[in-house]
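Colleague: Below is structure-v4.txt; it holds compact mmCIF, C-alpha atoms and all ligand atoms.
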```
# COMPACT_ATOMS: atom_id res chain seq x y z
CA MET J 1 -23.76 8.20 -10.60
CA ARG J 2 -20.25 7.51 -11.86
CA ASN J 3 -19.95 5.28 -14.88
CA VAL J 4 -16.18 4.99 -15.05
CA PHE J 5 -13.73 2.68 -13.35
CA ASN J 6 -10.52 4.28 -12.16
CA PHE J 7 -7.53 1.90 -12.22
CA ASN J 8 -5.07 4.48 -10.91
CA ALA J 9 -2.36 3.16 -8.58
CA GLY J 10 -2.89 5.93 -6.04
CA PRO J 11 -4.44 8.23 -5.20
CA ALA J 12 -6.90 5.55 -6.10
CA MET J 13 -10.59 4.93 -6.52
CA LEU J 14 -12.63 5.38 -3.32
CA PRO J 15 -15.86 3.57 -2.46
CA GLN J 16 -18.75 5.56 -3.84
CA ALA J 17 -20.65 5.15 -0.55
CA VAL J 18 -17.75 6.84 1.24
CA LEU J 19 -17.67 9.78 -1.16
CA LYS J 20 -21.42 10.20 -0.86
CA LYS J 21 -21.28 10.20 2.92
CA ALA J 22 -18.42 12.71 2.89
CA GLN J 23 -20.42 14.87 0.50
CA ALA J 24 -23.56 14.69 2.62
CA GLU J 25 -21.61 15.63 5.75
CA LEU J 26 -19.36 18.23 4.18
CA LEU J 27 -21.15 21.29 5.51
CA ASP J 28 -22.66 19.81 8.63
CA TRP J 29 -20.77 17.10 10.44
CA ASN J 30 -22.31 15.39 13.44
CA GLY J 31 -25.16 17.93 13.47
CA MET J 32 -22.70 20.63 14.52
CA GLY J 33 -23.49 23.01 11.66
CA MET J 34 -19.90 23.00 10.49
CA SER J 35 -17.51 20.81 8.50
CA VAL J 36 -15.27 18.28 10.18
CA MET J 37 -12.43 20.27 8.60
CA GLU J 38 -13.33 23.17 10.85
CA ILE J 39 -13.30 21.24 14.11
CA GLY J 40 -10.37 21.50 16.49
CA HIS J 41 -8.24 18.38 16.59
CA ARG J 42 -8.19 18.44 20.39
CA SER J 43 -11.96 18.77 20.73
CA ALA J 44 -13.75 15.86 22.39
CA VAL J 45 -15.71 15.07 19.21
CA PHE J 46 -12.62 14.87 17.06
CA GLN J 47 -10.80 12.80 19.66
CA GLU J 48 -13.74 10.42 19.59
CA LEU J 49 -13.49 10.18 15.79
CA ALA J 50 -9.75 9.45 16.07
CA GLN J 51 -10.29 6.77 18.71
CA GLN J 52 -13.04 5.11 16.69
CA THR J 53 -10.82 5.08 13.58
CA GLU J 54 -8.02 3.45 15.54
CA ALA J 55 -10.42 0.92 17.08
CA ASP J 56 -11.77 0.02 13.61
CA LEU J 57 -8.28 -0.45 12.19
CA ARG J 58 -7.33 -2.60 15.18
CA GLU J 59 -10.43 -4.72 14.70
CA LEU J 60 -10.05 -5.09 10.92
CA MET J 61 -6.39 -6.07 11.11
CA ALA J 62 -6.56 -7.81 14.51
CA ILE J 63 -3.77 -5.59 15.81
CA PRO J 64 -2.77 -6.74 19.32
CA ALA J 65 -2.51 -4.36 22.28
CA ASN J 66 1.29 -4.53 22.32
CA TYR J 67 1.35 -2.64 19.01
CA GLN J 68 1.04 1.14 18.81
CA ILE J 69 -0.65 2.72 15.80
CA LEU J 70 0.60 6.11 14.66
CA PHE J 71 -1.34 8.36 12.29
CA LEU J 72 1.15 10.74 10.74
CA ALA J 73 1.24 13.53 8.20
CA GLY J 74 3.11 12.90 4.96
CA GLY J 75 3.30 9.93 2.63
CA ALA J 76 4.73 6.46 2.85
CA SER J 77 8.07 7.99 1.85
CA THR J 78 8.12 9.70 5.25
CA GLN J 79 8.79 6.23 6.66
CA PHE J 80 11.77 5.74 4.37
CA ALA J 81 13.50 8.17 6.78
CA MET J 82 11.59 7.51 10.01
CA VAL J 83 12.29 3.77 10.01
CA PRO J 84 16.09 4.07 10.00
CA LEU J 85 16.11 7.16 12.23
CA ASN J 86 14.11 5.35 14.90
CA LEU J 87 15.18 1.74 14.54
CA LEU J 88 18.87 1.76 13.62
CA GLY J 89 19.89 2.38 17.26
CA GLU J 90 23.53 2.09 18.17
CA ARG J 91 24.19 -0.71 15.71
CA LYS J 92 23.42 1.55 12.76
CA GLN J 93 23.10 -1.50 10.52
CA ALA J 94 20.08 -2.90 8.72
CA ASP J 95 19.15 -5.37 6.00
CA TYR J 96 16.97 -4.39 3.05
CA ILE J 97 15.45 -6.50 0.29
CA ASP J 98 15.43 -4.78 -3.08
CA THR J 99 12.49 -5.87 -5.21
CA GLY J 100 11.87 -2.67 -7.15
CA ILE J 101 11.58 1.07 -7.25
CA TRP J 102 9.97 1.57 -3.84
CA SER J 103 12.53 -0.70 -2.16
CA LYS J 104 15.31 1.23 -3.87
CA LYS J 105 13.94 4.54 -2.60
CA ALA J 106 13.75 3.17 0.94
CA ILE J 107 17.33 1.89 0.64
CA ALA J 108 18.67 5.19 -0.71
CA GLU J 109 17.12 7.09 2.19
CA ALA J 110 18.28 4.61 4.84
CA LYS J 111 21.85 4.82 3.52
CA ARG J 112 21.94 8.41 4.70
CA TYR J 113 21.75 7.19 8.29
CA GLY J 114 23.45 3.83 8.55
CA ASN J 115 25.23 0.89 7.07
CA ILE J 116 22.68 -0.74 4.81
CA ASN J 117 23.14 -4.26 3.49
CA VAL J 118 21.04 -5.26 0.49
CA ALA J 119 20.48 -8.86 1.51
CA ALA J 120 18.69 -9.88 -1.70
CA GLU J 121 17.39 -8.47 -4.95
CA ALA J 122 14.67 -9.41 -7.40
CA LYS J 123 16.03 -11.78 -10.03
CA TYR J 124 15.13 -12.50 -13.64
CA ARG J 125 14.73 -15.77 -15.50
CA ASP J 126 14.13 -15.26 -19.24
CA GLN J 127 13.17 -11.65 -18.47
CA ILE J 128 10.60 -12.81 -15.90
CA ALA J 129 11.04 -11.28 -12.45
CA PHE J 130 10.93 -13.38 -9.30
CA ILE J 131 11.95 -13.05 -5.66
CA PRO J 132 14.66 -15.39 -4.36
CA LYS J 133 13.75 -17.35 -1.24
CA GLU J 134 15.33 -16.64 2.16
CA ASP J 135 17.94 -19.41 1.85
CA GLN J 136 19.62 -17.26 -0.80
CA TRP J 137 19.54 -14.03 1.19
CA LYS J 138 22.78 -12.71 2.63
CA MET J 139 21.66 -11.28 5.91
CA ASN J 140 23.82 -9.35 8.34
CA ALA J 141 23.68 -10.91 11.81
CA ALA J 142 24.08 -7.45 13.37
CA ALA J 143 21.16 -5.86 11.48
CA ALA J 144 18.75 -3.89 13.67
CA TYR J 145 15.87 -4.83 11.34
CA LEU J 146 15.05 -6.20 7.90
CA HIS J 147 12.99 -4.02 5.56
CA TYR J 148 11.06 -5.26 2.55
CA THR J 149 8.27 -4.20 0.22
CA PRO J 150 5.69 -7.00 0.03
CA ASN J 151 3.99 -5.43 -2.96
CA GLU J 152 5.91 -3.32 -5.45
CA THR J 153 3.23 -1.02 -6.81
CA ILE J 154 5.02 -0.09 -10.04
CA SER J 155 6.12 -3.49 -11.34
CA GLY J 156 3.46 -5.61 -9.64
CA LEU J 157 6.08 -7.92 -8.08
CA ALA J 158 4.79 -9.31 -4.79
CA PHE J 159 5.65 -11.62 -1.93
CA HIS J 160 2.99 -14.21 -1.19
CA TRP J 161 4.76 -15.30 1.95
CA VAL J 162 6.12 -13.63 5.06
CA PRO J 163 9.92 -13.86 5.13
CA GLU J 164 11.38 -16.02 7.91
CA VAL J 165 14.08 -13.85 9.42
CA GLY J 166 14.40 -15.23 12.93
CA GLU J 167 14.54 -12.68 15.74
CA VAL J 168 15.32 -9.64 13.62
CA PRO J 169 12.30 -7.27 13.48
CA LEU J 170 10.59 -7.37 10.10
CA VAL J 171 9.65 -3.96 8.68
CA ALA J 172 7.20 -3.88 5.77
CA ASP J 173 6.11 -1.11 3.43
CA MET J 174 2.51 -2.23 2.92
CA THR J 175 1.34 0.88 1.11
CA SER J 176 -0.28 -0.99 -1.78
CA LEU J 177 -1.20 -4.12 0.15
CA ILE J 178 -2.69 -3.09 3.48
CA LEU J 179 -6.26 -4.29 4.08
CA SER J 180 -6.42 -6.07 0.71
CA CYS J 181 -5.64 -9.47 2.24
CA PRO J 182 -5.27 -10.98 5.72
CA ILE J 183 -2.00 -10.03 7.41
CA ASP J 184 -0.63 -11.61 10.57
CA VAL J 185 0.53 -8.45 12.32
CA THR J 186 2.40 -10.44 14.99
CA ARG J 187 4.97 -11.50 12.37
CA TYR J 188 6.08 -7.88 12.03
CA GLY J 189 8.03 -5.32 14.03
CA VAL J 190 6.72 -2.44 11.94
CA ILE J 191 4.10 -2.17 9.20
CA TYR J 192 3.66 1.16 7.47
CA ALA J 193 1.51 2.45 4.64
CA GLY J 194 0.50 5.63 2.86
CA THR J 195 -3.24 6.20 2.99
CA GLN J 196 -3.97 6.99 -0.67
CA LYS J 197 -4.85 3.45 -1.76
CA ASN J 198 -6.85 1.34 0.70
CA LEU J 199 -7.10 3.84 3.55
CA GLY J 200 -8.62 6.91 1.95
CA GLN J 201 -6.97 9.99 0.53
CA ALA J 202 -3.35 11.12 0.17
CA GLY J 203 -1.69 13.08 2.94
CA MET J 204 -1.27 10.63 5.77
CA ASN J 205 0.68 7.52 6.60
CA ILE J 206 0.12 5.00 9.32
CA VAL J 207 2.67 3.05 11.31
CA ILE J 208 1.85 -0.10 13.25
CA ILE J 209 4.78 -0.70 15.56
CA ARG J 210 5.50 -3.26 18.26
CA LYS J 211 5.81 -1.18 21.41
CA ASP J 212 9.17 -2.55 22.53
CA LEU J 213 10.70 -1.20 19.30
CA ILE J 214 9.85 2.39 20.19
CA LYS J 215 13.12 3.65 21.60
CA GLU J 216 15.64 6.47 21.49
CA PRO J 217 16.05 7.61 17.87
CA GLN J 218 19.23 8.97 16.27
CA PRO J 219 20.06 12.20 18.15
CA PHE J 220 19.48 14.49 15.15
CA THR J 221 15.98 13.12 14.43
CA PRO J 222 13.44 15.94 13.94
CA THR J 223 10.83 15.96 16.71
CA LEU J 224 7.94 15.11 14.37
CA TYR J 225 9.89 12.13 13.01
CA ARG J 226 10.32 10.53 16.44
CA TYR J 227 8.20 7.44 17.06
CA ASP J 228 8.56 7.92 20.83
CA ILE J 229 7.19 11.49 20.75
CA GLN J 230 4.39 10.59 18.34
CA ALA J 231 3.44 7.60 20.47
CA GLU J 232 3.53 9.58 23.69
CA HIS J 233 1.19 12.17 22.18
CA HIS J 234 -1.06 9.61 20.46
CA SER J 235 -0.20 11.24 17.09
CA PHE J 236 -1.45 14.62 18.35
CA TYR J 237 1.91 16.29 18.97
CA ASN J 238 0.93 18.88 16.37
CA THR J 239 -2.13 19.45 14.17
CA PRO J 240 -2.74 16.23 12.22
CA PRO J 241 -4.34 16.10 8.73
CA THR J 242 -7.82 15.90 10.22
CA TYR J 243 -9.76 15.39 7.02
CA CYS J 244 -7.54 12.41 6.05
CA TRP J 245 -8.30 10.96 9.44
CA TYR J 246 -12.02 11.48 8.97
CA LEU J 247 -11.99 9.94 5.50
CA MET J 248 -10.02 6.93 6.72
CA GLY J 249 -12.71 6.49 9.36
CA LEU J 250 -15.38 6.38 6.64
CA VAL J 251 -13.36 3.89 4.56
CA LEU J 252 -12.85 1.58 7.55
CA GLU J 253 -16.54 1.78 8.47
CA TRP J 254 -17.37 0.85 4.86
CA MET J 255 -14.93 -2.06 4.98
CA LYS J 256 -16.55 -3.43 8.10
CA GLN J 257 -19.93 -3.25 6.37
CA GLN J 258 -18.48 -5.24 3.46
CA GLY J 259 -17.44 -8.04 5.81
CA GLY J 260 -13.88 -6.98 6.63
CA VAL J 261 -10.54 -8.10 5.29
CA GLU J 262 -11.48 -11.72 4.53
CA ALA J 263 -14.43 -10.63 2.40
CA MET J 264 -12.34 -8.00 0.58
CA TYR J 265 -9.61 -10.56 -0.03
CA ALA J 266 -12.04 -13.01 -1.62
CA ILE J 267 -13.22 -10.32 -4.02
CA ASN J 268 -9.70 -9.02 -4.69
CA HIS J 269 -8.57 -12.53 -5.46
CA ARG J 270 -11.37 -13.05 -7.97
CA LYS J 271 -10.78 -9.64 -9.57
CA ALA J 272 -7.04 -10.29 -10.03
CA ASN J 273 -7.58 -13.83 -11.31
CA LYS J 274 -9.98 -12.59 -13.96
CA ILE J 275 -7.34 -10.28 -15.42
CA TYR J 276 -4.45 -12.74 -15.11
CA ALA J 277 -6.63 -15.38 -16.80
CA VAL J 278 -7.00 -13.17 -19.89
CA ILE J 279 -3.27 -12.37 -19.89
CA ASP J 280 -2.47 -16.10 -19.77
CA HIS J 281 -5.11 -17.07 -22.30
CA TYR J 282 -3.72 -14.58 -24.80
CA ALA J 283 -0.08 -15.10 -23.80
CA GLY J 284 2.03 -13.84 -26.66
CA PHE J 285 -0.36 -10.99 -27.30
CA TYR J 286 -0.33 -9.86 -23.66
CA VAL J 287 3.00 -10.25 -21.92
CA SER J 288 3.49 -10.63 -18.16
CA ARG J 289 7.04 -10.14 -16.91
CA ILE J 290 6.33 -11.42 -13.42
CA ASP J 291 6.69 -15.02 -12.28
CA PRO J 292 3.19 -16.41 -11.58
CA ASP J 293 4.26 -17.08 -7.95
CA CYS J 294 5.01 -13.38 -7.43
CA ARG J 295 2.07 -11.73 -9.15
CA SER J 296 0.56 -8.81 -7.31
CA LEU J 297 -3.00 -9.02 -6.09
CA THR J 298 -3.56 -5.28 -6.39
CA ASN J 299 -1.33 -4.00 -9.20
CA ILE J 300 -1.55 -6.05 -12.35
CA MET J 301 1.16 -5.13 -14.78
CA PHE J 302 1.42 -6.34 -18.36
CA TYR J 303 2.64 -5.35 -21.79
CA LEU J 304 1.35 -5.69 -25.30
CA HIS J 305 3.65 -7.78 -27.42
CA ASP J 306 3.29 -5.17 -30.15
CA GLU J 307 4.21 -2.07 -28.18
CA ALA J 308 2.64 0.19 -30.80
CA LEU J 309 -0.74 -1.13 -29.68
CA THR J 310 -0.32 0.20 -26.12
CA SER J 311 -1.73 3.64 -26.93
CA VAL J 312 -4.55 2.06 -28.99
CA PHE J 313 -5.40 -0.11 -25.97
CA LEU J 314 -5.40 2.85 -23.58
CA GLU J 315 -7.54 5.00 -25.86
CA GLY J 316 -10.01 2.19 -26.46
CA ALA J 317 -10.25 1.44 -22.75
CA LYS J 318 -10.95 5.08 -21.98
CA GLU J 319 -13.77 5.15 -24.52
CA VAL J 320 -15.56 2.44 -22.56
CA GLY J 321 -14.96 4.10 -19.18
CA LEU J 322 -11.83 2.18 -18.08
CA TYR J 323 -9.50 4.93 -16.90
CA HIS J 324 -5.86 5.33 -15.88
CA LEU J 325 -4.55 2.01 -17.13
CA SER J 326 -1.17 3.24 -18.31
CA GLY J 327 1.88 1.86 -16.54
CA HIS J 328 4.14 4.08 -14.45
CA LYS J 329 6.35 6.38 -16.52
CA VAL J 330 9.45 4.32 -15.70
CA SER J 331 7.94 1.01 -16.81
CA GLY J 332 5.51 1.82 -19.63
CA GLY J 333 3.00 -0.90 -20.48
CA ILE J 334 -0.39 -1.34 -18.86
CA ARG J 335 -1.12 -1.43 -15.13
CA ALA J 336 -4.49 -2.20 -13.63
CA SER J 337 -4.57 -1.25 -9.98
CA MET J 338 -7.54 -2.75 -8.19
CA TYR J 339 -7.74 -1.98 -4.50
CA ASN J 340 -10.75 -2.66 -2.29
CA ALA J 341 -12.89 0.13 -3.74
CA MET J 342 -12.74 -1.32 -7.27
CA PRO J 343 -15.98 -3.26 -7.70
CA GLU J 344 -15.79 -6.71 -9.25
CA GLU J 345 -17.71 -5.27 -12.17
CA GLY J 346 -14.65 -3.11 -12.97
CA ALA J 347 -12.50 -6.25 -13.33
CA ASP J 348 -15.24 -7.92 -15.41
CA GLN J 349 -15.39 -4.97 -17.77
CA LEU J 350 -11.62 -4.80 -18.09
CA ALA J 351 -11.38 -8.55 -18.73
CA ALA J 352 -14.09 -8.26 -21.41
CA PHE J 353 -12.34 -5.30 -23.03
CA MET J 354 -8.98 -7.14 -23.02
CA THR J 355 -10.54 -10.22 -24.58
CA GLU J 356 -12.19 -8.25 -27.33
CA PHE J 357 -9.01 -6.26 -27.95
CA ALA J 358 -6.90 -9.42 -28.26
CA ARG J 359 -9.39 -10.96 -30.67
CA ARG J 360 -9.43 -7.85 -32.78
CA TYR J 361 -5.70 -7.12 -32.91
CA GLY J 362 -4.15 -10.49 -32.12
N1 LIG J 401 5.86 2.69 -1.12
C1 LIG J 401 5.01 2.13 -2.00
C2 LIG J 401 4.93 0.64 -2.06
C3 LIG J 401 4.21 2.93 -2.82
O1 LIG J 401 3.37 2.36 -3.69
C4 LIG J 401 4.32 4.33 -2.72
C5 LIG J 401 3.46 5.26 -3.55
N2 LIG J 401 2.82 4.75 -4.61
C6 LIG J 401 5.22 4.86 -1.81
C7 LIG J 401 5.97 4.02 -1.01
C8 LIG J 401 5.41 6.35 -1.67
O2 LIG J 401 4.28 6.90 -1.12
P1 LIG J 401 4.09 8.45 -0.94
O3 LIG J 401 4.01 9.05 -2.29
O4 LIG J 401 2.82 8.52 -0.17
O5 LIG J 401 5.24 8.97 -0.16
```
Have the structure of the file written as structure tokens, please.
Ligand code: PMP
Modeller:
Amino acid sequence: MRNVFNFNAGPAMLPQAVLKKAQAELLDWNGMGMSVMEIGHRSAVFQELAQQTEADLRELMAIPANYQILFLAGGASTQFAMVPLNLLGERKQADYIDTGIWSKKAIAEAKRYGNINVAAEAKYRDQIAFIPKEDQWKMNAAAAYLHYTPNETISGLAFHWVPEVGEVPLVADMTSLILSCPIDVTRYGVIYAGTQKNLGQAGMNIVIIRKDLIKEPQPFTPTLYRYDIQAEHHSFYNTPPTYCWYLMGLVLEWMKQQGGVEAMYAINHRKANKIYAVIDHYAGFYVSRIDPDCRSLTNIMFYLHDEALTSVFLEGAKEVGLYHLSGHKVSGGIRASMYNAMPEEGADQLAAFMTEFARRYG
């Protein structure tokens, strides 16, 4: 039995039931006397596993039939290149919204392949970050798509609305958001995500793409980076990361048992509110640099007014089993990442620790 809560941003905590099932099946999967890792990816049993995983994801996210789902090797960063390579087309122009480090990385990669317009950036009011609304965006009418990052994992800056961008296909990096809240897939041209947060372990990324957007990529696109080839081969052009696929299947099965996305969202909402409530109650001692309208549901970022207390906080938290609460190396501070696998009890314990800490040192 684990008695720690892991607040890491990703690879992140996994549901204990999933780990136990994986452990129980490690040496003998499906009564075959061997591990799923040892099964051929083209075998009928593995194909069945892959189809079930896709069906579960479709059901959980209500993904319509006119969307293809790709299961690809590599991380979310793989899409920083695949999106422009496959979507820029002859126009070779696209709009990007820059709300933080992951947006910036996507922009830098896309600039290698086309003319990229940064239509809007995160803004600051008294050192508090917020996202300007669409009426202030400077979009390029010739853009092949608009890319944004609905949840910036490092800073915890998030959209709580879907941008209105007219006919231009909306492309979203949902790595730290997917399956944590309801998402209307039909509003998007492409949704992509790395798997190491709400979809299992690191090593894979998924792409949910409207089928009419799968077209001729830039001519120099590597074969494995082509949406059309991957779609044609149902993500089996080459050997996929089979264990990632298996583990995602277990995570999705677990999610369905928990009541699906709506149920997870209700819990995630409560978990986040519990932590933000302590930050707000002890405002001045804890400092949030995110506008309340743009606070992340999954990555809660804050600072201690007295920076010297940050290491004391982290050490104290660790002593009571609250792990990996330090902010990303570029931002410092404290970051509590709470994806679906974080039980509500983890948020309760963190909130209690924060309250006690503020009373003691505030
Ligand atoms: N986008 C976002 C929003 C992320 O949080 C991350 C990783 N934390 C990435 C992209 C990059 O993912 P990967 O390391 O899997 O390439």
Colleague: Using CA of Phe5 (chain J) and CA of Ser103 (chain J) as the two end points, give the distance in Å to one decimal.
Modeller: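 The value is 28.7 Å.
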Colleague: Neighbouring residues of Arg335 (chain J) were defined as those with any atom within 8 Å, considering only C-alpha atoms; residues of the same chain fewer than 6 positions away were excluded. Please report them as a PDB file with C-alpha atoms, in the coordinates of the input.
Modeller:
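Final file, out06.pdb:
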```pdb
ATOM      1  CA  PHE J   7      -7.530   1.900 -12.220  1.00  0.00           C
ATOM      2  CA  ASN J 299      -1.330  -4.000  -9.200  1.00  0.00           C
ATOM      3  CA  ILE J 300      -1.550  -6.050 -12.350  1.00  0.00           C
ATOM      4  CA  MET J 301       1.160  -5.130 -14.780  1.00  0.00           C
ATOM      5  CA  PHE J 302       1.420  -6.340 -18.360  1.00  0.00           C
ATOM      6  CA  LEU J 325      -4.550   2.010 -17.130  1.00  0.00           C
ATOM      7  CA  SER J 326      -1.170   3.240 -18.310  1.00  0.00           C
ATOM      8  CA  GLY J 327       1.880   1.860 -16.540  1.00  0.00           C
ATOM      9  CA  HIS J 328       4.140   4.080 -14.450  1.00  0.00           C
TER      10      HIS J 328
END
```
Colleague: For the contact check between chain J and ligand LIG 401 (chain J), emit one row per residue of chain J within 8 Å, containing the shortest atom pair and the distance in Å rounded to one decimal, counting all atoms listed in the file, chain then rising number order, as CSV.
Modeller:
```
residue,atom,partner,partner_atom,distance
J:Ala9,CA,J:LIG401,N2,6.7
J:Gly10,CA,J:LIG401,N2,6.0
J:Gly74,CA,J:LIG401,O4,6.8
J:Gly75,CA,J:LIG401,O4,3.2
J:Ala76,CA,J:LIG401,O5,4.0
J:Ser77,CA,J:LIG401,O5,3.6
J:Thr78,CA,J:LIG401,O5,6.2
J:Trp102,CA,J:LIG401,N1,5.1
J:Ser103,CA,J:LIG401,N1,7.6
J:Thr149,CA,J:LIG401,C2,6.3
J:Pro150,CA,J:LIG401,C2,8.0
J:Asn151,CA,J:LIG401,C2,6.2
J:Glu152,CA,J:LIG401,C2,5.3
J:Thr153,CA,J:LIG401,O1,4.6
J:Ile154,CA,J:LIG401,O1,7.0
J:Asp173,CA,J:LIG401,C2,5.9
J:Met174,CA,J:LIG401,C2,6.2
J:Thr175,CA,J:LIG401,C2,4.8
J:Ser176,CA,J:LIG401,O1,5.3
J:Ala193,CA,J:LIG401,N1,7.2
J:Gly194,CA,J:LIG401,O4,4.8
J:Thr195,CA,J:LIG401,O4,7.2
J:Gln196,CA,J:LIG401,O4,7.0
J:Ala202,CA,J:LIG401,O4,6.7
J:Gly203,CA,J:LIG401,O4,7.1
J:Met204,CA,J:LIG401,O4,7.5
J:Asn205,CA,J:LIG401,O4,7.2
```
Colleague: At a cut-off of 10 Å, using all atoms listed in the file, what residues contact Met61 (chain J)? Leave out same-chain residues fewer than 6 positions from it and give the result as a ChimeraX atom specification.
Modeller: /J:178-179,181-185,260-261
Colleague: Pick the closest to Lys133 (chain J) from J:Ile97, J:Ser331, J:Arg112, J:Arg58: which is it, counting only C-alpha atoms?
Modeller: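 Of the candidates, the smallest distance to Lys133 (chain J) is held by J:Ile97.
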Colleague: Place a sphere of radius 10 Å on (-8.3, -16.5, -25.2) in the file coordinates and name every protein, DNA or RNA residue with an atom inside or on its surface, counting all atoms listed in the file; give the answer as a VMD selection string.
Modeller: chain J and resid 277 to 283 285 354 to 356 358 to 359
Colleague: What's the 8 Å shell around Pro169 (chain J), counting all atoms listed in the file, without same-chain residues fewer than 4 positions away, as a list in words?
Modeller: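 Within the cut-off, the hits are Ala144, Tyr145, Leu146, Val165, Tyr188, Gly189 and Val190 of chain J.
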Colleague: Can you write out as a tab-separated table which residues of region 222-258 of chain J fall within 7 Å of region 40-53 of chain J, alongside each residue's closest atom pair and its distance in Å to one decimal, counting all atoms listed in the file and ordering rows by chain and ascending residue number?
Modeller:
```
residue	atom	partner	partner_atom	distance
J:Thr239	CA	J:His41	CA	6.7
J:Thr242	CA	J:His41	CA	6.8
J:Trp245	CA	J:Ala50	CA	7.0
J:Gly249	CA	J:Thr53	CA	4.8
```
Colleague: Please report the interatomic distance between CA of Thr221 (chain J) and CA of Met82 (chain J) in Å with one decimal.
Modeller: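 Atom-to-atom, CA of Thr221 (chain J) and CA of Met82 (chain J) are spaced 8.4 Å apart.
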Colleague: What does region 154-170 of chain J look like written to a file with C-alpha atoms, as a compact mmCIF listing (two decimals), in the first residue's frame?
Modeller:
```
# COMPACT_ATOMS: atom_id res chain seq x y z
CA ILE J 154 4.41 24.89 -16.08
CA SER J 155 2.72 28.16 -15.15
CA GLY J 156 -0.80 26.83 -14.57
CA LEU J 157 -2.33 29.38 -16.97
CA ALA J 158 -5.45 27.94 -18.58
CA PHE J 159 -8.27 28.72 -20.97
CA HIS J 160 -11.72 28.05 -19.56
CA TRP J 161 -13.34 28.66 -22.91
CA VAL J 162 -12.89 27.38 -26.43
CA PRO J 163 -11.62 30.16 -28.70
CA GLU J 164 -14.05 31.32 -31.40
CA VAL J 165 -11.95 31.35 -34.55
CA GLY J 166 -14.54 30.95 -37.28
CA GLU J 167 -13.74 28.42 -40.00
CA VAL J 168 -10.04 28.07 -39.29
CA PRO J 169 -9.26 24.63 -37.79
CA LEU J 170 -8.46 24.85 -34.09
```
